[in-house]
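File shown here: input-v4.cif, holding mmCIF, C-alpha atoms and all ligand atoms.
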data_data
#
loop_
_atom_site.group_PDB
_atom_site.id
_atom_site.type_symbol
_atom_site.label_atom_id
_atom_site.label_comp_id
_atom_site.auth_asym_id
_atom_site.auth_seq_id
_atom_site.Cartn_x
_atom_site.Cartn_y
_atom_site.Cartn_z
ATOM 1 C CA MET N 1 12.327 -1.938 -20.292
ATOM 2 C CA PHE N 2 12.255 -5.772 -20.107
ATOM 3 C CA LYS N 3 12.458 -6.648 -23.810
ATOM 4 C CA ASN N 4 13.802 -10.193 -24.316
ATOM 5 C CA LYS N 5 13.921 -10.781 -20.561
ATOM 6 C CA THR N 6 12.119 -13.818 -19.187
ATOM 7 C CA VAL N 7 10.392 -13.600 -15.834
ATOM 8 C CA ILE N 8 8.934 -16.478 -13.832
ATOM 9 C CA ILE N 9 6.196 -15.370 -11.430
ATOM 10 C CA THR N 10 4.817 -17.759 -8.818
ATOM 11 C CA GLY N 11 1.311 -17.033 -7.586
ATOM 12 C CA GLY N 12 0.872 -15.372 -10.962
ATOM 13 C CA ALA N 13 -2.854 -16.068 -11.345
ATOM 14 C CA SER N 14 -3.963 -13.452 -8.818
ATOM 15 C CA GLY N 15 -3.198 -10.234 -6.981
ATOM 16 C CA ILE N 16 0.338 -8.823 -6.894
ATOM 17 C CA GLY N 17 1.753 -11.669 -9.005
ATOM 18 C CA LEU N 18 -0.830 -11.225 -11.740
ATOM 19 C CA LEU N 19 -0.456 -7.443 -11.897
ATOM 20 C CA SER N 20 3.333 -7.860 -12.006
ATOM 21 C CA GLY N 21 2.914 -10.279 -14.910
ATOM 22 C CA ARG N 22 0.707 -7.821 -16.756
ATOM 23 C CA CYS N 23 3.212 -4.967 -16.231
ATOM 24 C CA PHE N 24 6.254 -7.067 -17.205
ATOM 25 C CA ALA N 25 4.418 -8.240 -20.344
ATOM 26 C CA LYS N 26 3.482 -4.657 -21.277
ATOM 27 C CA GLN N 27 7.163 -3.753 -20.980
ATOM 28 C CA GLY N 28 8.206 -6.468 -23.423
ATOM 29 C CA ALA N 29 9.132 -9.381 -21.140
ATOM 30 C CA ASN N 30 8.430 -13.048 -21.758
ATOM 31 C CA VAL N 31 6.259 -13.995 -18.814
ATOM 32 C CA VAL N 32 5.817 -17.416 -17.203
ATOM 33 C CA LEU N 33 2.960 -17.466 -14.702
ATOM 34 C CA ALA N 34 3.068 -20.420 -12.299
ATOM 35 C CA ASP N 35 0.140 -21.083 -10.001
ATOM 36 C CA VAL N 36 -1.619 -23.961 -8.274
ATOM 37 C CA ASN N 37 -5.051 -22.645 -9.296
ATOM 38 C CA GLU N 38 -5.293 -23.949 -12.851
ATOM 39 C CA ASP N 39 -8.663 -22.409 -13.745
ATOM 40 C CA ALA N 40 -7.657 -18.904 -12.680
ATOM 41 C CA LEU N 41 -4.286 -19.364 -14.352
ATOM 42 C CA ASN N 42 -5.793 -20.345 -17.711
ATOM 43 C CA GLU N 43 -8.259 -17.461 -17.582
ATOM 44 C CA LYS N 44 -5.590 -14.860 -16.730
ATOM 45 C CA VAL N 45 -3.034 -16.143 -19.240
ATOM 46 C CA ALA N 46 -5.699 -15.889 -21.975
ATOM 47 C CA GLU N 47 -6.399 -12.284 -20.918
ATOM 48 C CA LEU N 48 -2.727 -11.289 -20.989
ATOM 49 C CA VAL N 49 -2.142 -12.978 -24.343
ATOM 50 C CA ALA N 50 -5.201 -11.153 -25.746
ATOM 51 C CA GLU N 51 -3.606 -7.914 -24.545
ATOM 52 C CA GLY N 52 -0.571 -8.754 -26.717
ATOM 53 C CA GLY N 53 1.706 -10.266 -24.055
ATOM 54 C CA ARG N 54 4.145 -13.140 -24.583
ATOM 55 C CA VAL N 55 2.790 -15.120 -21.656
ATOM 56 C CA ILE N 56 2.506 -18.797 -20.792
ATOM 57 C CA GLY N 57 0.946 -20.420 -17.738
ATOM 58 C CA ILE N 58 2.194 -23.543 -15.995
ATOM 59 C CA LYS N 59 0.259 -25.258 -13.238
ATOM 60 C CA CYS N 60 2.609 -25.656 -10.289
ATOM 61 C CA ASP N 61 2.359 -26.233 -6.576
ATOM 62 C CA VAL N 62 5.414 -24.448 -5.143
ATOM 63 C CA LYS N 63 5.543 -27.070 -2.357
ATOM 64 C CA ASN N 64 6.466 -29.715 -4.930
ATOM 65 C CA TYR N 65 10.092 -29.527 -6.098
ATOM 66 C CA GLU N 66 9.483 -31.736 -9.160
ATOM 67 C CA GLN N 67 6.816 -29.303 -10.342
ATOM 68 C CA VAL N 68 9.152 -26.382 -9.646
ATOM 69 C CA LEU N 69 11.833 -27.979 -11.825
ATOM 70 C CA ALA N 70 9.252 -28.521 -14.559
ATOM 71 C CA VAL N 71 8.447 -24.781 -14.564
ATOM 72 C CA ARG N 72 12.140 -23.965 -14.835
ATOM 73 C CA ASP N 73 12.642 -26.406 -17.713
ATOM 74 C CA GLN N 74 9.560 -25.257 -19.609
ATOM 75 C CA ALA N 75 10.539 -21.589 -19.237
ATOM 76 C CA ILE N 76 13.989 -22.298 -20.703
ATOM 77 C CA ALA N 77 12.544 -24.473 -23.489
ATOM 78 C CA GLU N 78 10.034 -21.774 -24.437
ATOM 79 C CA PHE N 79 12.088 -18.596 -24.044
ATOM 80 C CA GLY N 80 15.767 -19.629 -23.688
ATOM 81 C CA SER N 81 16.603 -17.801 -20.458
ATOM 82 C CA ILE N 82 15.434 -17.013 -16.931
ATOM 83 C CA ASP N 83 16.283 -13.415 -16.101
ATOM 84 C CA ILE N 84 13.936 -12.645 -13.229
ATOM 85 C CA LEU N 85 12.309 -14.842 -10.602
ATOM 86 C CA LEU N 86 9.444 -13.262 -8.660
ATOM 87 C CA SER N 87 8.192 -15.479 -5.824
ATOM 88 C CA CYS N 88 4.698 -14.208 -5.010
ATOM 89 C CA ALA N 89 2.792 -17.398 -4.114
ATOM 90 C CA GLY N 90 1.879 -17.294 -0.457
ATOM 91 C CA GLY N 91 -0.563 -16.362 2.239
ATOM 92 C CA ASN N 92 -1.341 -16.921 5.904
ATOM 93 C CA GLU N 93 -2.199 -20.571 6.502
ATOM 94 C CA CYS N 94 -5.035 -19.800 8.956
ATOM 95 C CA ARG N 95 -6.767 -17.479 6.505
ATOM 96 C CA ILE N 96 -6.294 -19.677 3.477
ATOM 97 C CA LEU N 97 -7.133 -22.986 5.183
ATOM 98 C CA ASN N 98 -9.856 -21.280 7.279
ATOM 99 C CA ARG N 99 -8.549 -22.546 10.657
ATOM 100 C CA HIS N 100 -9.032 -20.542 13.824
ATOM 101 C CA GLU N 101 -7.801 -22.715 16.708
ATOM 102 C CA ASP N 102 -5.325 -21.442 19.288
ATOM 103 C CA PHE N 103 -1.657 -22.068 18.564
ATOM 104 C CA PRO N 104 -1.276 -25.252 20.690
ATOM 105 C CA ASP N 105 -4.541 -26.712 19.341
ATOM 106 C CA MET N 106 -3.783 -26.036 15.691
ATOM 107 C CA PRO N 107 -3.112 -29.233 13.730
ATOM 108 C CA ILE N 108 0.539 -29.255 12.759
ATOM 109 C CA GLU N 109 -0.464 -29.885 9.140
ATOM 110 C CA VAL N 110 -1.809 -26.325 8.985
ATOM 111 C CA TYR N 111 1.610 -24.969 9.971
ATOM 112 C CA ASP N 112 3.323 -27.371 7.593
ATOM 113 C CA TRP N 113 1.290 -25.803 4.788
ATOM 114 C CA GLY N 114 2.312 -22.302 5.899
ATOM 115 C CA ILE N 115 6.010 -23.141 5.995
ATOM 116 C CA ASP N 116 5.954 -25.196 2.804
ATOM 117 C CA VAL N 117 4.213 -22.585 0.663
ATOM 118 C CA ASN N 118 5.714 -19.411 2.113
ATOM 119 C CA LEU N 119 9.284 -20.521 2.869
ATOM 120 C CA LYS N 120 10.061 -23.710 0.986
ATOM 121 C CA GLY N 121 8.328 -22.432 -2.176
ATOM 122 C CA PRO N 122 10.634 -19.413 -2.677
ATOM 123 C CA PHE N 123 13.619 -21.529 -1.541
ATOM 124 C CA TYR N 124 12.817 -24.303 -4.045
ATOM 125 C CA PHE N 125 12.379 -21.837 -6.910
ATOM 126 C CA ALA N 126 15.600 -19.956 -6.131
ATOM 127 C CA HIS N 127 17.469 -23.262 -5.974
ATOM 128 C CA ALA N 128 15.919 -24.453 -9.233
ATOM 129 C CA VAL N 129 16.763 -21.355 -11.309
ATOM 130 C CA MET N 130 20.216 -20.578 -9.898
ATOM 131 C CA LYS N 131 22.209 -22.830 -12.260
ATOM 132 C CA GLN N 132 20.610 -21.158 -15.290
ATOM 133 C CA MET N 133 21.285 -17.672 -13.911
ATOM 134 C CA VAL N 134 24.919 -18.632 -13.216
ATOM 135 C CA ARG N 135 25.198 -19.942 -16.778
ATOM 136 C CA GLN N 136 23.892 -16.574 -18.008
ATOM 137 C CA GLN N 137 26.023 -14.640 -15.487
ATOM 138 C CA SER N 138 22.976 -12.495 -14.749
ATOM 139 C CA GLY N 139 19.672 -12.612 -12.963
ATOM 140 C CA VAL N 140 17.421 -11.013 -10.367
ATOM 141 C CA ILE N 141 15.549 -12.910 -7.656
ATOM 142 C CA ILE N 142 12.726 -11.044 -5.928
ATOM 143 C CA ASN N 143 11.070 -12.525 -2.870
ATOM 144 C CA ILE N 144 7.873 -11.144 -1.375
ATOM 145 C CA GLY N 145 7.872 -10.733 2.407
ATOM 146 C CA SER N 146 5.208 -9.257 4.688
ATOM 147 C CA VAL N 147 5.146 -6.775 7.546
ATOM 148 C CA THR N 148 3.836 -9.772 9.529
ATOM 149 C CA GLY N 149 7.389 -11.104 9.268
ATOM 150 C CA GLU N 150 8.389 -8.153 11.503
ATOM 151 C CA GLU N 151 5.274 -8.144 13.714
ATOM 152 C CA GLY N 152 4.515 -11.833 14.317
ATOM 153 C CA ASP N 153 1.016 -13.309 14.523
ATOM 154 C CA LYS N 154 -0.592 -14.964 17.574
ATOM 155 C CA THR N 155 -2.099 -17.916 15.704
ATOM 156 C CA GLY N 156 -1.064 -17.929 12.048
ATOM 157 C CA MET N 157 2.522 -18.427 13.186
ATOM 158 C CA ALA N 158 4.036 -20.256 10.248
ATOM 159 C CA TYR N 159 3.379 -17.258 7.996
ATOM 160 C CA PRO N 160 5.502 -14.694 9.900
ATOM 161 C CA THR N 161 8.132 -17.358 10.563
ATOM 162 C CA ALA N 162 8.396 -18.089 6.865
ATOM 163 C CA LYS N 163 8.236 -14.449 5.812
ATOM 164 C CA SER N 164 11.071 -13.336 8.136
ATOM 165 C CA GLY N 165 13.018 -16.310 6.810
ATOM 166 C CA ILE N 166 12.789 -15.123 3.223
ATOM 167 C CA MET N 167 13.054 -11.395 4.029
ATOM 168 C CA TYR N 168 16.438 -11.902 5.700
ATOM 169 C CA GLY N 169 18.014 -15.387 5.693
ATOM 170 C CA LEU N 170 17.058 -16.438 2.178
ATOM 171 C CA THR N 171 17.394 -13.083 0.418
ATOM 172 C CA ARG N 172 20.784 -12.326 1.982
ATOM 173 C CA SER N 173 22.106 -15.839 1.353
ATOM 174 C CA LEU N 174 21.068 -15.704 -2.309
ATOM 175 C CA ALA N 175 22.700 -12.281 -2.626
ATOM 176 C CA LEU N 176 25.918 -13.642 -1.093
ATOM 177 C CA TYR N 177 25.986 -16.590 -3.470
ATOM 178 C CA GLY N 178 24.884 -14.627 -6.520
ATOM 179 C CA ALA N 179 27.099 -11.549 -6.293
ATOM 180 C CA LYS N 180 30.103 -13.022 -8.097
ATOM 181 C CA HIS N 181 27.783 -14.148 -10.905
ATOM 182 C CA ASN N 182 26.042 -10.792 -11.394
ATOM 183 C CA ILE N 183 22.887 -12.175 -9.771
ATOM 184 C CA ARG N 184 20.991 -9.895 -7.397
ATOM 185 C CA ALA N 185 18.514 -10.989 -4.720
ATOM 186 C CA VAL N 186 16.096 -8.633 -2.973
ATOM 187 C CA CYS N 187 12.853 -8.761 -1.031
ATOM 188 C CA VAL N 188 9.790 -6.517 -1.313
ATOM 189 C CA THR N 189 7.791 -6.435 1.922
ATOM 190 C CA PRO N 190 4.226 -5.131 1.609
ATOM 191 C CA GLY N 191 1.964 -3.802 4.315
ATOM 192 C CA PRO N 192 -1.790 -4.280 3.772
ATOM 193 C CA VAL N 193 -2.623 -4.313 0.061
ATOM 194 C CA LEU N 194 -6.055 -4.199 -1.560
ATOM 195 C CA THR N 195 -5.816 -7.524 -3.348
ATOM 196 C CA ARG N 196 -8.808 -8.353 -1.135
ATOM 197 C CA PRO N 197 -11.322 -6.012 0.528
ATOM 198 C CA GLY N 198 -10.440 -7.226 4.045
ATOM 199 C CA MET N 199 -7.213 -5.246 3.958
ATOM 200 C CA ALA N 200 -9.016 -1.886 3.716
ATOM 201 C CA ASN N 201 -9.368 -1.508 7.495
ATOM 202 C CA MET N 202 -5.803 -2.364 8.451
ATOM 203 C CA THR N 203 -3.731 0.250 10.254
ATOM 204 C CA THR N 204 -1.157 2.311 8.376
ATOM 205 C CA LEU N 205 0.365 5.720 8.992
ATOM 206 C CA MET N 206 -1.215 6.907 5.748
ATOM 207 C CA ASP N 207 -4.647 5.749 6.940
ATOM 208 C CA ARG N 208 -5.288 3.559 3.923
ATOM 209 C CA ALA N 209 -4.206 0.224 2.499
ATOM 210 C CA GLY N 210 -1.904 0.082 -0.496
ATOM 211 C CA GLU N 211 -2.906 -0.405 -4.103
ATOM 212 C CA PRO N 212 -1.357 -3.476 -5.748
ATOM 213 C CA GLN N 213 0.308 -1.136 -8.264
ATOM 214 C CA GLU N 214 2.211 0.533 -5.415
ATOM 215 C CA ILE N 215 3.873 -2.795 -4.632
ATOM 216 C CA VAL N 216 4.406 -3.667 -8.279
ATOM 217 C CA ASN N 217 6.148 -0.323 -8.891
ATOM 218 C CA MET N 218 8.838 -1.379 -6.395
ATOM 219 C CA ILE N 219 9.083 -4.845 -7.946
ATOM 220 C CA LEU N 220 9.566 -3.390 -11.438
ATOM 221 C CA PHE N 221 12.224 -0.973 -10.201
ATOM 222 C CA LEU N 222 14.178 -3.683 -8.370
ATOM 223 C CA ALA N 223 13.950 -6.016 -11.376
ATOM 224 C CA SER N 224 15.334 -3.339 -13.694
ATOM 225 C CA ASP N 225 18.902 -2.224 -14.379
ATOM 226 C CA LYS N 226 18.071 0.998 -12.501
ATOM 227 C CA ALA N 227 18.553 -1.105 -9.355
ATOM 228 C CA SER N 228 21.898 -2.516 -10.499
ATOM 229 C CA PHE N 229 23.669 -1.691 -7.193
ATOM 230 C CA ILE N 230 20.922 -3.070 -4.930
ATOM 231 C CA THR N 231 21.200 -6.595 -3.543
ATOM 232 C CA GLY N 232 20.642 -8.458 -0.273
ATOM 233 C CA THR N 233 18.136 -5.875 0.949
ATOM 234 C CA ASN N 234 14.540 -5.843 2.141
ATOM 235 C CA HIS N 235 12.308 -3.065 0.759
ATOM 236 C CA VAL N 236 9.280 -2.240 2.909
ATOM 237 C CA VAL N 237 6.263 -0.733 1.094
ATOM 238 C CA ASP N 238 3.706 -0.369 3.879
ATOM 239 C CA GLY N 239 2.350 3.197 4.091
ATOM 240 C CA GLY N 240 4.302 3.550 7.342
ATOM 241 C CA ARG N 241 2.513 0.675 9.124
ATOM 242 C CA LEU N 242 5.610 -0.538 10.931
ATOM 243 C CA ILE N 243 6.147 2.805 12.715
ATOM 244 C CA VAL N 244 2.569 3.222 13.984
ATOM 245 C CA PRO N 245 2.317 2.331 17.717
ATOM 246 C CA ARG N 246 -0.413 -0.323 18.088
ATOM 247 C CA PRO N 247 -1.836 -2.292 21.022
ATOM 248 C CA TRP N 248 0.258 -5.329 21.933
ATOM 249 C CA GLY N 249 -0.647 -8.345 19.815
ATOM 250 C CA SER N 250 -2.957 -6.401 17.519
ATOM 251 C CA SER N 251 -3.052 -7.867 14.047
ATOM 252 C CA LYS N 252 -5.378 -5.160 12.679
HETATM 253 N N1 LIG Z 301 -2.250 -8.580 0.030
HETATM 254 C C1 LIG Z 301 -1.597 -8.198 1.110
HETATM 255 O O1 LIG Z 301 -2.099 -7.404 1.921
HETATM 256 C C2 LIG Z 301 -0.193 -8.707 1.374
HETATM 257 C C3 LIG Z 301 0.514 -8.145 2.445
HETATM 258 C C4 LIG Z 301 1.783 -8.602 2.711
HETATM 259 C C5 LIG Z 301 2.343 -9.609 1.917
HETATM 260 N N2 LIG Z 301 1.628 -10.141 0.893
HETATM 261 C C6 LIG Z 301 2.249 -11.212 0.110
HETATM 262 O O2 LIG Z 301 2.190 -10.903 -1.256
HETATM 263 C C7 LIG Z 301 2.107 -12.115 -2.019
HETATM 264 C C8 LIG Z 301 0.926 -12.002 -2.976
HETATM 265 O O3 LIG Z 301 -0.235 -11.730 -2.217
HETATM 266 P P1 LIG Z 301 -1.627 -11.392 -2.906
HETATM 267 O O4 LIG Z 301 -2.378 -10.557 -1.962
HETATM 268 O O5 LIG Z 301 -1.402 -10.931 -4.295
HETATM 269 O O6 LIG Z 301 -2.267 -12.862 -2.866
HETATM 270 P P2 LIG Z 301 -3.332 -13.592 -3.779
HETATM 271 O O7 LIG Z 301 -4.038 -14.535 -2.862
HETATM 272 O O8 LIG Z 301 -4.129 -12.649 -4.595
HETATM 273 O O9 LIG Z 301 -2.391 -14.442 -4.760
HETATM 274 C C9 LIG Z 301 -1.645 -15.523 -4.310
HETATM 275 C C10 LIG Z 301 -1.559 -16.542 -5.429
HETATM 276 O O10 LIG Z 301 -0.720 -17.608 -4.962
HETATM 277 C C11 LIG Z 301 -1.283 -18.818 -5.426
HETATM 278 N N3 LIG Z 301 -0.832 -19.928 -4.594
HETATM 279 C C12 LIG Z 301 -1.200 -20.227 -3.322
HETATM 280 N N4 LIG Z 301 -0.600 -21.352 -2.928
HETATM 281 C C13 LIG Z 301 0.155 -21.778 -3.959
HETATM 282 C C14 LIG Z 301 1.006 -22.901 -4.154
HETATM 283 N N5 LIG Z 301 1.156 -23.835 -3.208
HETATM 284 N N6 LIG Z 301 1.654 -23.022 -5.332
HETATM 285 C C15 LIG Z 301 1.479 -22.098 -6.309
HETATM 286 N N7 LIG Z 301 0.679 -21.025 -6.184
HETATM 287 C C16 LIG Z 301 0.027 -20.871 -5.017
HETATM 288 C C17 LIG Z 301 -2.797 -18.615 -5.329
HETATM 289 O O11 LIG Z 301 -3.498 -19.527 -6.136
HETATM 290 C C18 LIG Z 301 -2.927 -17.170 -5.800
HETATM 291 O O12 LIG Z 301 -3.125 -17.104 -7.196
HETATM 292 C C19 LIG Z 301 1.978 -13.252 -0.993
HETATM 293 O O13 LIG Z 301 3.236 -13.843 -0.798
HETATM 294 C C20 LIG Z 301 1.536 -12.541 0.264
HETATM 295 O O14 LIG Z 301 1.944 -13.233 1.426
HETATM 296 C C21 LIG Z 301 0.363 -9.707 0.598
#
Using structure tokens, write down the structure from this file.
Ligand SMILES: NC(=O)c1ccc[n+]([C@@H]2O[C@H](COP(=O)([O-])OP(=O)(O)OC[C@H]3O[C@@H](n4cnc5c(N)ncnc54)[C@H](O)[C@@H]3O)[C@@H](O)[C@H]2O)c1
Amino acid sequence: MFKNKTVIITGGASGIGLLSGRCFAKQGANVVLADVNEDALNEKVAELVAEGGRVIGIKCDVKNYEQVLAVRDQAIAEFGSIDILLSCAGGNECRILNRHEDFPDMPIEVYDWGIDVNLKGPFYFAHAVMKQMVRQQSGVIINIGSVTGEEGDKTGMAYPTAKSGIMYGLTRSLALYGAKHNIRAVCVTPGPVLTRPGMANMTTLMDRAGEPQEIVNMILFLASDKASFITGTNHVVDGGRLIVPRPWGSSK
């Protein structure tokens, strides 16, 4: 389905990004995995290449615009186009940096990290690839949101702030800009997904967390020509989590 298409995937060394890369590669795409974790990246790229994929890995911190530009340039040099951008790199700053202070006591650097990775990262990448997509007069940009962007979070506050920003402001703005150039922009918003065991006990209407493949199925559909009339929209894949009544402030 994606023969001769080139996809850049941030956060491609793990979880939803990695599985997306594997699926795109199996369907004939050229895959560029970008991730800050160089060891995991090298290991996973080797696996995907051994499986027959046309895959390269580029170490990149999405917070660093120079490194983002380098990914863009290397993707074009290697494969000649950028057809799909999938911005997966992200995570809640409190979980990833292991900080548990109350909101007013949290060092601002922790929130800076959350905003920089989860909001600026997808913004930087969309900005970096847009000129190439305009040149091609085609492209698809897929951001990854989170139900936390709808719910909020009492302490890890940069994460929901950033996620709502990309689910709505960024995705819609990119769709507005891209429409006249045949460039679509969409967001996929997961509920709890089993990329780590901790998600297994989270509330959903279906009484289970999602499998990574259930998120990737939506990503693959939106990236494909089957979704040719879909742009500017947010696509929630959450097992019904957002319609389950829960105690005020519960993050479970
Ligand atoms: N797993 C869930 O339950 C869930 C729920 C809602 C939303 N999401 C979102 O889905 C996306 C993928 O989540 P996942 O569960 O697959 O996560 P994951 O932790 O398995 O993968 C995230 C990847 O991003 C990379 N990364 C982190 N910071 C980076 C940076 N500064 N630059 C480049 N790469 C960086 C990590 O090294 C890792 O490989 C994230 O944006 C996350 O917020 C996940």
Report task. Rank nothing, just name the residue among N:Gly149, N:Gly57, N:Gly139, N:Pro190 nearest to ligand LIG 301 (chain Z), using all atoms listed in the file. Result ->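 Closest residue, counting all atoms listed in the file: N:Pro190.
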Query raised in the report: What is the CA of Ala175 (chain N) to CA of Ala126 (chain N) distance in Å?
Result: 11.0 Å
Requested in this report: Have a look at N:Ile166, N:Ala179, N:Ala46, N:Ile82 and name the one nearest to Arg135 (chain N); count all atoms listed in the file.
Outcome: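 Distance minimum relative to Arg135 (chain N) lands on N:Ile82.
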**Report entry** Ala77 (chain N) environment, 12 Å, only C-alpha atoms, sequence neighbours closer than 5 positions dropped, as a list of chain:residue names
**Finding:**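 The residues that qualify are N:Thr6, N:Val32, N:Ile56, N:Ala70, N:Val71, N:Arg72, N:Ile82, N:Gln132.
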Output as a Markdown table one row per residue of chain N within 7 Å of ligand LIG 301 (chain Z): the closest atom pair and its distance in Å to one decimal place, counting only C-alpha atoms and all ligand atoms, sorted by chain and residue number ascending.
| residue | atom | partner | partner_atom | distance |
| --- | --- | --- | --- | --- |
| N:Thr10 | CA | Z:LIG301 | N7 | 5.9 |
| N:Gly11 | CA | Z:LIG301 | O10 | 3.4 |
| N:Gly12 | CA | Z:LIG301 | O12 | 5.8 |
| N:Ala13 | CA | Z:LIG301 | O12 | 4.3 |
| N:Ser14 | CA | Z:LIG301 | O12 | 4.1 |
| N:Gly15 | CA | Z:LIG301 | O5 | 3.3 |
| N:Ile16 | CA | Z:LIG301 | O5 | 3.8 |
| N:Gly17 | CA | Z:LIG301 | O5 | 5.7 |
| N:Ala34 | CA | Z:LIG301 | C15 | 6.4 |
| N:Asp35 | CA | Z:LIG301 | N7 | 3.9 |
| N:Val36 | CA | Z:LIG301 | C15 | 4.1 |
| N:Asn37 | CA | Z:LIG301 | O11 | 4.7 |
| N:Cys60 | CA | Z:LIG301 | C15 | 5.5 |
| N:Asp61 | CA | Z:LIG301 | N6 | 3.5 |
| N:Val62 | CA | Z:LIG301 | N6 | 4.0 |
| N:Lys63 | CA | Z:LIG301 | N5 | 5.5 |
| N:Cys88 | CA | Z:LIG301 | O13 | 4.5 |
| N:Ala89 | CA | Z:LIG301 | O10 | 3.6 |
| N:Gly90 | CA | Z:LIG301 | O13 | 3.7 |
| N:Gly91 | CA | Z:LIG301 | O14 | 4.1 |
| N:Asn92 | CA | Z:LIG301 | O14 | 6.7 |
| N:Val117 | CA | Z:LIG301 | N5 | 5.1 |
| N:Asn118 | CA | Z:LIG301 | O13 | 6.8 |
| N:Ile144 | CA | Z:LIG301 | O13 | 5.4 |
| N:Gly145 | CA | Z:LIG301 | C5 | 5.7 |
| N:Ser146 | CA | Z:LIG301 | C5 | 4.0 |
| N:Val147 | CA | Z:LIG301 | C4 | 6.2 |
| N:Thr189 | CA | Z:LIG301 | C5 | 6.3 |
| N:Pro190 | CA | Z:LIG301 | C4 | 4.4 |
| N:Gly191 | CA | Z:LIG301 | C3 | 4.9 |
| N:Pro192 | CA | Z:LIG301 | O1 | 3.6 |
| N:Val193 | CA | Z:LIG301 | O1 | 3.6 |
| N:Leu194 | CA | Z:LIG301 | N1 | 6.0 |
| N:Thr195 | CA | Z:LIG301 | O4 | 4.8 |
| N:Arg196 | CA | Z:LIG301 | N1 | 6.7 |
| N:Met199 | CA | Z:LIG301 | O1 | 5.9 |
